[in-house]
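The next block holds one structure in the form of structure tokens; read it before the comments.
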4 protein chains.
Amino acid sequence: MKLNCDMGESYGAWEIGADQDVMPWVNQANIACGFHAGDPDVMAQTIQLAIKYNVQIGAHPGYNDKQGFGRRSIAHCYAQITHLVCYQVGALSALCALQGKPLEYVKPHGALYNDMMADIRIFAAIIDALVSFKTPLALMILARPDLQAYHKIAEQAGIKLILEAFADRAYDETGHLVARSQEGAVLNSAELIKKQVKQLIDRQTVSTRNGKEIKLKVDTICVHGDNAAGILLVKQLQHLLTQFRLTDK
Amino acid sequence: MKLNCDMGESYGAWEIGADQDVMPWVNQANIACGFHAGDPDVMAQTIQLAIKYNVQIGAHPGYNDKQGFGRRSIAHCYAQITHLVCYQVGALSALCALQGKPLEYVKPHGALYNDMMADIRIFAAIIDALVSFKTPLALMILARPDLQAYHKIAEQAGIKLILEAFADRAYDETGHLVARSQEGAVLNSAELIKKQVKQLIDRQTVSTRNGKEIKLKVDTICVHGDNAAGILLVKQLQHLLTQFRLTDK
Amino acid sequence: MKLNCDMGESYGAWEIGADQDVMPWVNQANIACGFHAGDPDVMAQTIQLAIKYNVQIGAHPGYNDKQGFGRRSIAHCYAQITHLVCYQVGALSALCALQGKPLEYVKPHGALYNDMMADIRIFAAIIDALVSFKTPLALMILARPDLQAYHKIAEQAGIKLILEAFADRAYDETGHLVARSQEGAVLNSAELIKKQVKQLIDRQTVSTRNGKEIKLKVDTICVHGDNAAGILLVKQLQHLLTQFRLTDK
Amino acid sequence: MKLNCDMGESYGAWEIGADQDVMPWVNQANIACGFHAGDPDVMAQTIQLAIKYNVQIGAHPGYNDKQGFGRRSIAHCYAQITHLVCYQVGALSALCALQGKPLEYVKPHGALYNDMMADIRIFAAIIDALVSFKTPLALMILARPDLQAYHKIAEQAGIKLILEAFADRAYDETGHLVARSQEGAVLNSAELIKKQVKQLIDRQTVSTRNGKEIKLKVDTICVHGDNAAGILLVKQLQHLLTQFRLTDK
């Protein structure tokens with residue numbers, strides 16, 4: 001079990017996130033690729049930071065929409081999705097090679113991530129982009145009970161899937177995230193978050209908002225580190241994971 | 001001796017150039033990489049067209065300035081030049097791999113090309129970007145008599161240089177291009193252009209505007225195909241080259 | 001009855017449309033405002049051209065999406081729509097004032113136009129942007145039988161509506177345009193287009209694809225002039241209108 | 001004597017500056033116009049904040065270069081400068097009118113500001129943009145002893161100039177700012193800054209780095225409020241000014 005975090009989302013003179021403070025405590029850095037956030041210089045700096053703390057690097061491609069930070073869906077045909085992802089992943093891959101660090105996986109950002117989980121043909125278009133890379137790239141998607149068709153496509157393409165859960169999001173009885181528009185969608189207490197993560201580690205389950213416990217196979221947990229409280233929490237979650245890894249051995 | 005041409009400079013709904021008509025007659029397509037022109041879809045279409053006519057593909061990175069079409073110099077520190085080029089070349093390289101076609105060389109565009117020929121540290125910064133690619137990438141630069149220092153840097157980095165001349169530009173007595181601001185900088189007659197190319201092929205020399213004949217080792221000639229007359233000329237130049245190749249053998 | 005046409009949709013070095021050829025034959029130029037197309041220089045040149053042929057100027061604001069040419073819907077809250085339109089109309093208004101020509105109306109572009117006709121709150125948000133301009137600005141929208149609520153909002157705000165029909169689009173029995181995805185949505189023959197325009201002029205009606213004739217009050221007809229055939233047709237439609245005006249007097 | 005400060009330089013999800021904290025203590029807010037920073041929503045929010053604290057609003061147009069934050073010079077012909085400024089000022093003017101607040105002046109940003117002070121034809125091109133606005137707009141430029149030609153152009157155009165000094169920059173013996181590349185260009189101590197401002201208020205002079213005291217007529221002082229220390233200093237400078245105004249009466 002790992003912790004992943006969106007990184008490198010600054011742009012030119014604009015800084016966002018606390019990459020310096022969070023990087024030491026995560027295992028996987030999802031680095032923005034210049035379409036929704038980031039630019040070649042920010043990408044290079046973030047790669048350097050990931051190298052310093054021996055963190056795995058993933059590409060974090062998004063829709064071409066800086067003003068909307070990639071959070072707004074923009075209609076693309078499937079071939080366009082493939083090109084969009086291929087372009088951004090290729091760019092980050094080259095910047096990684098420049099520093100001698102491999103790019104290991106891809107996690108789509110924001111609206112592109114949501115669209116991928118809502119439309120399997122968008123997922124397939126992203127898979128199409130990944131198969132042509134010489135270095136094998138895994139694809140990080142949302143852990144859900146109903147992903148058989150996703151797994152089948154990935155398997156046929158020879159692409160490994162990394163399944164992620166969210167540390168701070170409530171789950172409904174189908175194993176989907178509760179929509180942000182609904183009350184209680186976001187777990188606001190550090191205790192609840194740590195409990196959810198601990199349960200994911202210990203029992204490979206998540207408790208839904210209705211109290212049901214459902215099985216959820218998860219490889220990595222998405223965390224955020226935008227403020228001091230967030231960073232402290234990431235640190236505590238990493239200690240939980242480390243403890244589990246030690247015990248597990 | 002080859003013909004190279006800038007390609008893939010359309011953008012979204014905006015079309016520029018006559019790639020369909022020119023591609024059959026050139027040997028090397030310099031494909032824009034989305035910063036001064038082009039976008040992931042235009043890049044993919046242009047790669048497909050190059051494959052159809054078996055044309056070598058080069059990346060054509062430029063400054064991030066669509067409104068100025070990459071023709072305006074924008075100050076960058078050297079590390080930024082390296083990142084800028086690495087990003088764009090990586091993106092095109094991935095889109096080439098998607099279609100199973102290798103990317104073979106890099107030719108900077110517009111103001112970046114001029115800045116590279118005016119400041120050897122910018123050239124060195126571009127070389128820095130190219131060495132990290134697994135596939136060996138050559139760098140296309142302007143053929144000039146005074147490039148010893150450029151050759152030295154490239155050699156040390158293991159990067160092959162491709163030297164290009166311009167079919168339609170006048171040369172001064174130092175072997176530099178006559179600045180566009182000066183009269184007679186551009187050869188407007190098809191006869192003069194063909195004569196200049198023929199002389200480059202036959203005698204490896206160029207006649208300066210003052211009538212002097214100077215040695216100019218050239219691997220490729222840059223042509224444009226923006227209109228019917230231009231396309232006809234490219235076709236005629238390609239016939240000249242083909243004839244030479246046949247005779248040469 | 002007037003003819004309106006989208007203009008000024010070039011961008012930097014990229015030219016689109018045939019503004020020089022179409023401008024003499026239309027009455028209203030919808031000038032792009034730099035978000036989906038156009039830039040300050042293209043806007044200034046297009047204003048100059050409209051002045052030369054004494055054509056009314058309208059602002060043609062769109063979503064901020066050059067790669068998609070404003071044809072893709074992008075989610076905005078209503079206040080954002082107001083700001084987006086206000087910004088673009090203000091910019092064009094100032095460039096008109098620079099040349100001493102008034103800006104007279106606003107016609108949203110592409111996806112923003114469609115969204116305005118599908119969601120009356122977007123229409124209201126656009127009206128909100130227009131009321132603050134000192135010069136009274138009319139708003140051009142799609143003529144439809146079911147616009148009572150639209151008229152009411154405009155009237156309360158003191159904004160005049162200009163109702164437009166499309167010369168080359170088929171209408172369904174409700175007076176809406178047949179969706180482009182359906183067969184027969186676009187009238188491909190010049191004869192059919194001229195017949196539709198003549199009927200709009202003579203009888204203020206449109207014949208639906210099912211042969212029904214429905215009333216359609218129309219102030220202006222949208223035309224396109226992208227190629228030689230299109231420009232000829234615009235010229236012929238303008239002759240139709242001129243004849244009608246002469247007869248009418 | 002007033003205090004002016006650059007404001008509204010956030011962009012989409014990226015926040016920069018501490019507008020909320022600084023606005024109460026300045027007299028003039030230079031609001032970015034969407035080219036180097038800002039977007040229609042950020043502009044509207046900043047206008048609202050200026051209204052709340054009764055601060056004068058100026059447009060802060062820059063080169064179209066978000067990645068470089070408008071700090072890099074980009075070659076434009078003079079007509080392009082006029083269009084660029086006209087566009088941005090028109091956009092902000094309309095957003096001000098939307099909230100019933102007048103736009104009062106224009107202060108170019110970053111590289112455009114520097115280029116204006118280095119090339120009087122760029123200054124003249126900006127003046128050209130301002131004369132067409134119905135509301136009289138003043139132009140804020142750098143106070144220097146050698147501005148006779150600038151004053152003459154402005155006077156002939158009927159544009160009022162606002163002369164600004166920098167609170168935290170050292171002056172050389174010609175009354176120009178010491179270049180940032182030189183040591184001592186920026187006054188780092190709050191005491192030195194307050195002393196320079198006090199002297200500007202009390203004696204209308206500035207002490208050069210060589211100890212010479214030169215006359216400098218100044219209408220406004222440029223301040224920054226990026227961090228807690230900066231904001232405290234702005235507050236103290238505003239107290240200095242208020243005291244002076246009270247005494248002066």
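Letters A, B, ... mark the chains of the structure tokens in the order given; residue numbers begin at 1 per chain; ligand numbers begin at 1, in order shown.
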
Excluding same-chain residues fewer than 6 positions from stretch 90-98 of chain D, what lies within 9 Å of it counting only C-alpha atoms, as a compact mmCIF listing (two decimals) with all heavy atoms, in the first residue's frame?
# COMPACT_ATOMS: atom_id res chain seq x y z
N HIS C 83 -19.04 37.72 -16.55
CA HIS C 83 -17.69 38.29 -16.60
C HIS C 83 -17.02 38.03 -17.95
O HIS C 83 -16.38 38.90 -18.53
CB HIS C 83 -16.82 37.72 -15.47
CG HIS C 83 -17.36 37.99 -14.11
ND1 HIS C 83 -17.10 37.19 -13.02
CD2 HIS C 83 -18.17 38.97 -13.65
CE1 HIS C 83 -17.71 37.68 -11.95
NE2 HIS C 83 -18.37 38.75 -12.31
N CYS C 86 -18.67 40.24 -20.55
CA CYS C 86 -18.36 41.64 -20.26
C CYS C 86 -16.93 41.96 -20.70
O CYS C 86 -16.67 42.97 -21.34
CB CYS C 86 -18.54 41.87 -18.76
SG CYS C 86 -18.61 43.58 -18.29
N TYR C 87 -16.00 41.09 -20.35
CA TYR C 87 -14.59 41.26 -20.70
C TYR C 87 -14.41 41.39 -22.20
O TYR C 87 -13.81 42.34 -22.70
CB TYR C 87 -13.80 40.05 -20.17
CG TYR C 87 -12.30 40.10 -20.42
CD1 TYR C 87 -11.42 40.45 -19.40
CD2 TYR C 87 -11.76 39.78 -21.65
CE1 TYR C 87 -10.04 40.48 -19.61
CE2 TYR C 87 -10.39 39.81 -21.88
CZ TYR C 87 -9.53 40.16 -20.86
OH TYR C 87 -8.18 40.20 -21.08
N GLN C 88 -14.95 40.43 -22.95
CA GLN C 88 -14.73 40.40 -24.39
C GLN C 88 -15.43 41.55 -25.10
O GLN C 88 -14.87 42.16 -26.03
CB GLN C 88 -15.20 39.06 -24.96
CG GLN C 88 -14.36 37.88 -24.47
CD GLN C 88 -14.82 36.54 -25.06
OE1 GLN C 88 -14.74 36.30 -26.24
NE2 GLN C 88 -15.31 35.67 -24.20
N VAL C 89 -16.65 41.86 -24.67
CA VAL C 89 -17.38 42.95 -25.31
C VAL C 89 -16.70 44.28 -25.01
O VAL C 89 -16.55 45.14 -25.88
CB VAL C 89 -18.86 42.96 -24.84
CG1 VAL C 89 -19.59 44.17 -25.39
CG2 VAL C 89 -19.55 41.66 -25.28
N GLY C 90 -16.21 44.43 -23.77
CA GLY C 90 -15.48 45.66 -23.41
C GLY C 90 -14.23 45.83 -24.25
O GLY C 90 -13.91 46.93 -24.71
N ALA C 91 -13.52 44.74 -24.48
CA ALA C 91 -12.30 44.81 -25.27
C ALA C 91 -12.60 45.24 -26.70
O ALA C 91 -11.96 46.14 -27.25
CB ALA C 91 -11.61 43.44 -25.26
N LEU C 92 -13.61 44.62 -27.32
CA LEU C 92 -13.93 44.98 -28.70
C LEU C 92 -14.49 46.40 -28.76
O LEU C 92 -14.18 47.16 -29.69
CB LEU C 92 -14.95 44.00 -29.30
CG LEU C 92 -15.24 44.26 -30.79
CD1 LEU C 92 -14.03 43.94 -31.65
CD2 LEU C 92 -16.45 43.46 -31.27
N SER C 93 -15.29 46.75 -27.78
CA SER C 93 -15.87 48.09 -27.73
C SER C 93 -14.76 49.15 -27.74
O SER C 93 -14.85 50.16 -28.45
CB SER C 93 -16.72 48.21 -26.46
OG SER C 93 -17.18 49.52 -26.29
N ALA C 94 -13.71 48.92 -26.96
CA ALA C 94 -12.60 49.89 -26.91
C ALA C 94 -11.86 49.96 -28.24
O ALA C 94 -11.48 51.04 -28.70
CB ALA C 94 -11.64 49.50 -25.79
N LEU C 95 -11.68 48.82 -28.89
CA LEU C 95 -11.00 48.81 -30.19
C LEU C 95 -11.87 49.48 -31.26
O LEU C 95 -11.34 50.08 -32.20
CB LEU C 95 -10.63 47.38 -30.59
CG LEU C 95 -9.42 46.83 -29.81
CD1 LEU C 95 -9.34 45.31 -29.94
CD2 LEU C 95 -8.11 47.45 -30.30
N ASP C 128 -27.12 40.45 -18.29
CA ASP C 128 -26.49 41.16 -17.16
C ASP C 128 -25.21 41.86 -17.59
O ASP C 128 -24.88 42.94 -17.09
CB ASP C 128 -26.16 40.17 -16.02
CG ASP C 128 -27.40 39.76 -15.24
OD1 ASP C 128 -28.45 40.41 -15.40
OD2 ASP C 128 -27.31 38.79 -14.47
N ALA C 129 -24.45 41.22 -18.48
CA ALA C 129 -23.20 41.83 -18.94
C ALA C 129 -23.47 43.06 -19.80
O ALA C 129 -22.68 44.01 -19.80
CB ALA C 129 -22.38 40.81 -19.72
N LEU C 130 -24.56 43.05 -20.54
CA LEU C 130 -24.78 44.11 -21.54
C LEU C 130 -25.36 45.39 -20.96
O LEU C 130 -25.12 46.47 -21.49
CB LEU C 130 -25.69 43.59 -22.66
CG LEU C 130 -25.19 42.34 -23.39
CD1 LEU C 130 -25.95 42.16 -24.69
CD2 LEU C 130 -23.69 42.41 -23.67
N VAL C 131 -26.10 45.27 -19.86
CA VAL C 131 -26.80 46.46 -19.35
C VAL C 131 -25.85 47.54 -18.85
O VAL C 131 -26.21 48.71 -18.81
CB VAL C 131 -27.80 46.11 -18.22
CG1 VAL C 131 -28.98 45.33 -18.78
CG2 VAL C 131 -27.13 45.33 -17.11
N SER C 132 -24.63 47.16 -18.49
CA SER C 132 -23.74 48.16 -17.91
C SER C 132 -23.01 49.00 -18.97
O SER C 132 -22.32 49.95 -18.62
CB SER C 132 -22.71 47.47 -17.01
OG SER C 132 -21.96 46.55 -17.75
N PHE C 133 -23.15 48.65 -20.24
CA PHE C 133 -22.48 49.44 -21.28
C PHE C 133 -23.24 50.74 -21.54
O PHE C 133 -24.46 50.73 -21.61
CB PHE C 133 -22.34 48.63 -22.57
CG PHE C 133 -21.24 47.62 -22.50
CD1 PHE C 133 -21.45 46.38 -21.90
CD2 PHE C 133 -19.98 47.92 -22.99
CE1 PHE C 133 -20.42 45.46 -21.79
CE2 PHE C 133 -18.95 47.00 -22.88
CZ PHE C 133 -19.17 45.77 -22.29
N LYS C 134 -22.49 51.82 -21.65
CA LYS C 134 -23.13 53.12 -21.87
C LYS C 134 -23.84 53.15 -23.21
O LYS C 134 -24.98 53.59 -23.31
CB LYS C 134 -22.08 54.23 -21.79
CG LYS C 134 -21.74 54.59 -20.34
CD LYS C 134 -20.66 55.65 -20.27
CE LYS C 134 -20.09 55.68 -18.86
NZ LYS C 134 -18.78 56.33 -18.82
N ILE D 31 -4.90 46.83 -11.49
CA ILE D 31 -5.51 45.49 -11.64
C ILE D 31 -5.10 44.85 -12.96
O ILE D 31 -5.33 45.42 -14.03
CB ILE D 31 -7.04 45.58 -11.52
CG1 ILE D 31 -7.43 46.16 -10.14
CG2 ILE D 31 -7.68 44.20 -11.72
CD1 ILE D 31 -8.93 46.24 -9.89
N ALA D 32 -4.50 43.66 -12.86
CA ALA D 32 -4.07 42.90 -14.05
C ALA D 32 -5.28 42.60 -14.93
O ALA D 32 -6.40 42.45 -14.44
CB ALA D 32 -3.39 41.61 -13.63
N CYS D 33 -5.06 42.51 -16.23
CA CYS D 33 -6.14 42.49 -17.22
C CYS D 33 -6.24 41.21 -18.03
O CYS D 33 -6.80 41.20 -19.13
CB CYS D 33 -5.97 43.67 -18.16
SG CYS D 33 -6.06 45.27 -17.33
N GLY D 34 -5.65 40.11 -17.53
CA GLY D 34 -5.87 38.84 -18.20
C GLY D 34 -4.81 38.42 -19.20
O GLY D 34 -4.90 37.33 -19.76
N PRO D 40 -11.23 37.10 -16.15
CA PRO D 40 -12.43 37.91 -15.91
C PRO D 40 -12.98 37.79 -14.50
O PRO D 40 -13.46 38.79 -13.93
CB PRO D 40 -13.42 37.36 -16.96
CG PRO D 40 -12.55 36.93 -18.10
CD PRO D 40 -11.31 36.36 -17.45
N MET D 43 -10.60 39.56 -12.00
CA MET D 43 -10.75 41.00 -12.19
C MET D 43 -12.00 41.51 -11.48
O MET D 43 -11.95 42.52 -10.77
CB MET D 43 -10.80 41.31 -13.69
CG MET D 43 -9.47 41.09 -14.40
SD MET D 43 -9.61 40.87 -16.20
CE MET D 43 -9.83 42.57 -16.73
N ALA D 44 -13.11 40.78 -11.65
CA ALA D 44 -14.36 41.21 -11.02
C ALA D 44 -14.24 41.19 -9.49
O ALA D 44 -14.72 42.11 -8.81
CB ALA D 44 -15.50 40.31 -11.47
N ILE D 47 -12.07 44.17 -8.36
CA ILE D 47 -12.83 45.42 -8.45
C ILE D 47 -13.75 45.55 -7.23
O ILE D 47 -13.83 46.61 -6.60
CB ILE D 47 -13.67 45.45 -9.75
CG1 ILE D 47 -12.73 45.58 -10.97
CG2 ILE D 47 -14.70 46.57 -9.74
CD1 ILE D 47 -13.38 45.24 -12.30
N GLN D 48 -14.40 44.45 -6.88
CA GLN D 48 -15.30 44.44 -5.73
C GLN D 48 -14.55 44.83 -4.45
O GLN D 48 -15.04 45.60 -3.62
CB GLN D 48 -15.90 43.04 -5.59
CG GLN D 48 -17.11 42.97 -4.68
CD GLN D 48 -17.72 41.58 -4.67
OE1 GLN D 48 -17.09 40.61 -5.10
NE2 GLN D 48 -18.94 41.47 -4.17
N ILE D 57 -9.18 52.62 -9.09
CA ILE D 57 -8.80 51.47 -9.92
C ILE D 57 -8.04 51.93 -11.16
O ILE D 57 -8.45 52.86 -11.85
CB ILE D 57 -10.04 50.66 -10.34
CG1 ILE D 57 -10.67 50.02 -9.11
CG2 ILE D 57 -9.67 49.60 -11.37
CD1 ILE D 57 -11.91 49.21 -9.40
N GLY D 58 -6.92 51.27 -11.39
CA GLY D 58 -6.16 51.46 -12.62
C GLY D 58 -6.04 50.14 -13.36
O GLY D 58 -6.04 49.07 -12.74
N ALA D 59 -5.95 50.21 -14.69
CA ALA D 59 -5.73 48.99 -15.47
C ALA D 59 -4.23 48.72 -15.51
O ALA D 59 -3.43 49.65 -15.59
CB ALA D 59 -6.26 49.18 -16.89
N PHE D 133 -10.84 56.54 -25.11
CA PHE D 133 -11.80 56.22 -24.04
C PHE D 133 -12.61 57.45 -23.65
O PHE D 133 -12.05 58.53 -23.51
CB PHE D 133 -11.07 55.65 -22.81
CG PHE D 133 -10.66 54.22 -23.01
CD1 PHE D 133 -9.49 53.90 -23.69
CD2 PHE D 133 -11.47 53.18 -22.58
CE1 PHE D 133 -9.11 52.58 -23.90
CE2 PHE D 133 -11.10 51.86 -22.79
CZ PHE D 133 -9.92 51.56 -23.45

Cut-off 8 Å: closest chain B/chain D atom pairs per residue, using only C-alpha atoms, as JSON lines:
{"residue": "B:Arg72", "atom": "CA", "partner": "D:Ala75", "partner_atom": "CA", "distance": 6.2}
{"residue": "B:Ser73", "atom": "CA", "partner": "D:Ile74", "partner_atom": "CA", "distance": 6.8}
{"residue": "B:Ile74", "atom": "CA", "partner": "D:Ile74", "partner_atom": "CA", "distance": 6.1}
{"residue": "B:Ala75", "atom": "CA", "partner": "D:Arg72", "partner_atom": "CA", "distance": 6.2}

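Counting only C-alpha atoms, the residue from A:Thr174, A:Thr46, A:Thr208, A:Asn27 that sits nearest to A:Tyr11 is A:Thr46.
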
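Atom pair atom CA of B:Asp168 / atom CA of B:Phe69: separated by 20.7 Å.
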
Give me the residues near A:Gly175 as a PDB file with N, CA, C and O atoms, in the first residue's frame, where near means some atom within 9 Å (using only C-alpha atoms) and where sequence neighbours in that chain fewer than 6 positions away do not count.
ATOM      1  N   ALA A 143     -10.277   2.643  -7.429  1.00  0.00           N
ATOM      2  CA  ALA A 143     -10.697   1.301  -6.986  1.00  0.00           C
ATOM      3  C   ALA A 143     -12.216   1.291  -6.834  1.00  0.00           C
ATOM      4  O   ALA A 143     -12.780   2.155  -6.160  1.00  0.00           O
ATOM      5  N   ARG A 144     -12.842   0.333  -7.488  1.00  0.00           N
ATOM      6  CA  ARG A 144     -14.303   0.181  -7.386  1.00  0.00           C
ATOM      7  C   ARG A 144     -14.616  -1.290  -7.545  1.00  0.00           C
ATOM      8  O   ARG A 144     -13.850  -2.030  -8.167  1.00  0.00           O
ATOM      9  N   PRO A 145     -15.754  -1.756  -7.001  1.00  0.00           N
ATOM     10  CA  PRO A 145     -16.056  -3.200  -7.126  1.00  0.00           C
ATOM     11  C   PRO A 145     -16.403  -3.602  -8.559  1.00  0.00           C
ATOM     12  O   PRO A 145     -16.314  -4.773  -8.893  1.00  0.00           O
ATOM     13  N   ASP A 146     -16.767  -2.658  -9.421  1.00  0.00           N
ATOM     14  CA  ASP A 146     -17.355  -3.001 -10.724  1.00  0.00           C
ATOM     15  C   ASP A 146     -16.424  -2.714 -11.904  1.00  0.00           C
ATOM     16  O   ASP A 146     -16.829  -2.157 -12.908  1.00  0.00           O
ATOM     17  N   VAL A 206     -13.813  -0.992   3.014  1.00  0.00           N
ATOM     18  CA  VAL A 206     -14.185   0.375   3.331  1.00  0.00           C
ATOM     19  C   VAL A 206     -15.602   0.336   3.884  1.00  0.00           C
ATOM     20  O   VAL A 206     -16.413  -0.496   3.467  1.00  0.00           O
ATOM     21  N   THR A 208     -19.163   1.980   4.128  1.00  0.00           N
ATOM     22  CA  THR A 208     -19.948   2.955   3.374  1.00  0.00           C
ATOM     23  C   THR A 208     -20.659   3.884   4.352  1.00  0.00           C
ATOM     24  O   THR A 208     -20.719   3.618   5.553  1.00  0.00           O
ATOM     25  N   ILE A 214     -17.610  -3.000   2.732  1.00  0.00           N
ATOM     26  CA  ILE A 214     -17.443  -3.693   1.453  1.00  0.00           C
ATOM     27  C   ILE A 214     -15.963  -3.864   1.132  1.00  0.00           C
ATOM     28  O   ILE A 214     -15.120  -3.063   1.526  1.00  0.00           O
ATOM     29  N   LYS A 215     -15.706  -4.944   0.427  1.00  0.00           N
ATOM     30  CA  LYS A 215     -14.345  -5.296   0.030  1.00  0.00           C
ATOM     31  C   LYS A 215     -13.842  -4.257  -0.971  1.00  0.00           C
ATOM     32  O   LYS A 215     -14.564  -3.861  -1.894  1.00  0.00           O
ATOM     33  N   LEU A 216     -12.614  -3.787  -0.804  1.00  0.00           N
ATOM     34  CA  LEU A 216     -12.038  -2.858  -1.782  1.00  0.00           C
ATOM     35  C   LEU A 216     -10.542  -3.115  -1.880  1.00  0.00           C
ATOM     36  O   LEU A 216      -9.785  -2.750  -0.982  1.00  0.00           O
TER      37      LEU A 216
END

I'd like to know which residues of stretch 16-143 of chain B are strand (DSSP E) (by DSSP, run on the backbone); could you write them as a PyMOL selection string?
chain B and resi 28-32+56-60+103-106+138-142

All residues 10 Å or closer to D:Pro136, only C-alpha atoms, same chain fewer than 5 positions away omitted, as an NGL selection string:
:D and (102-105 or 130-131 or 158-160)

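With only C-alpha atoms as the atoms that count, the residue of D:Asp219, D:Val178, D:Ile120, D:Asn30 with the shortest distance to D:Lys152 is D:Ile120.
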
Extract, using only C-alpha atoms, all DNA, RNA and protein residues at most 8 Å from stretch 188-194 of chain D, discarding same-chain residues fewer than 5 positions from it, and format them as an MDAnalysis selection string.
chainID D and resid 167:168 233 237

Go ahead and write the selection's residues with N, CA and C atoms as an mmCIF file, in the first residue's frame.
data_model
loop_
_atom_site.group_PDB
_atom_site.id
_atom_site.type_symbol
_atom_site.label_atom_id
_atom_site.label_comp_id
_atom_site.auth_asym_id
_atom_site.auth_seq_id
_atom_site.Cartn_x
_atom_site.Cartn_y
_atom_site.Cartn_z
ATOM 1 N N ALA D 167 9.119 52.665 -3.537
ATOM 2 C CA ALA D 167 9.475 52.771 -2.120
ATOM 3 C C ALA D 167 10.777 52.041 -1.823
ATOM 4 N N ASP D 168 11.005 50.955 -2.519
ATOM 5 C CA ASP D 168 12.081 50.045 -2.112
ATOM 6 C C ASP D 168 13.208 49.917 -3.133
ATOM 7 N N LEU D 233 4.572 47.069 6.439
ATOM 8 C CA LEU D 233 5.257 48.244 5.919
ATOM 9 C C LEU D 233 4.296 49.140 5.144
ATOM 10 N N LEU D 237 3.531 52.995 5.877
ATOM 11 C CA LEU D 237 3.687 54.055 4.874
ATOM 12 C C LEU D 237 2.383 54.829 4.717
#

Contacts of D:Val42 within 8 Å, only C-alpha atoms, excl. fewer than 5 positions in-chain, as a ChimeraX atom specification:
/D:8-12

Keeping all heavy atoms, export the residues of the selection given above as a JSON list (two decimals), in the first residue's frame.
[["chain", "number", "residue", "atom", "x", "y", "z"],
["D", 8, "GLY", "N", -4.84, 41.80, -8.18],
["D", 8, "GLY", "CA", -5.58, 40.96, -9.12],
["D", 8, "GLY", "C", -4.68, 40.13, -10.01],
["D", 8, "GLY", "O", -4.98, 39.91, -11.17],
["D", 9, "GLU", "N", -3.55, 39.68, -9.48],
["D", 9, "GLU", "CA", -2.63, 38.89, -10.28],
["D", 9, "GLU", "C", -2.77, 37.39, -10.06],
["D", 9, "GLU", "O", -1.91, 36.61, -10.46],
["D", 9, "GLU", "CB", -1.19, 39.39, -10.07],
["D", 9, "GLU", "CG", -1.07, 40.87, -10.45],
["D", 9, "GLU", "CD", 0.35, 41.38, -10.65],
["D", 9, "GLU", "OE1", 1.22, 41.06, -9.83],
["D", 9, "GLU", "OE2", 0.56, 42.11, -11.62],
["D", 10, "SER", "N", -3.86, 37.00, -9.42],
["D", 10, "SER", "CA", -4.17, 35.56, -9.35],
["D", 10, "SER", "C", -4.67, 35.11, -10.72],
["D", 10, "SER", "O", -4.90, 35.93, -11.61],
["D", 10, "SER", "CB", -5.23, 35.30, -8.28],
["D", 10, "SER", "OG", -4.69, 35.61, -7.01],
["D", 11, "TYR", "N", -4.82, 33.81, -10.90],
["D", 11, "TYR", "CA", -5.27, 33.29, -12.21],
["D", 11, "TYR", "C", -5.91, 31.92, -11.98],
["D", 11, "TYR", "O", -5.24, 30.99, -11.53],
["D", 11, "TYR", "CB", -4.08, 33.19, -13.16],
["D", 11, "TYR", "CG", -4.38, 32.52, -14.48],
["D", 11, "TYR", "CD1", -5.44, 32.97, -15.26],
["D", 11, "TYR", "CD2", -3.62, 31.45, -14.93],
["D", 11, "TYR", "CE1", -5.73, 32.35, -16.47],
["D", 11, "TYR", "CE2", -3.90, 30.84, -16.13],
["D", 11, "TYR", "CZ", -4.95, 31.29, -16.90],
["D", 11, "TYR", "OH", -5.24, 30.68, -18.09],
["D", 12, "GLY", "N", -7.19, 31.82, -12.29],
["D", 12, "GLY", "CA", -7.90, 30.55, -12.07],
["D", 12, "GLY", "C", -7.73, 30.10, -10.64],
["D", 12, "GLY", "O", -8.05, 30.84, -9.70]]

Please report, as a count of residues only, each residue of stretch 107-228 of chain A to which DSSP assigns alpha helix (DSSP H) when run on this structure's backbone.
45
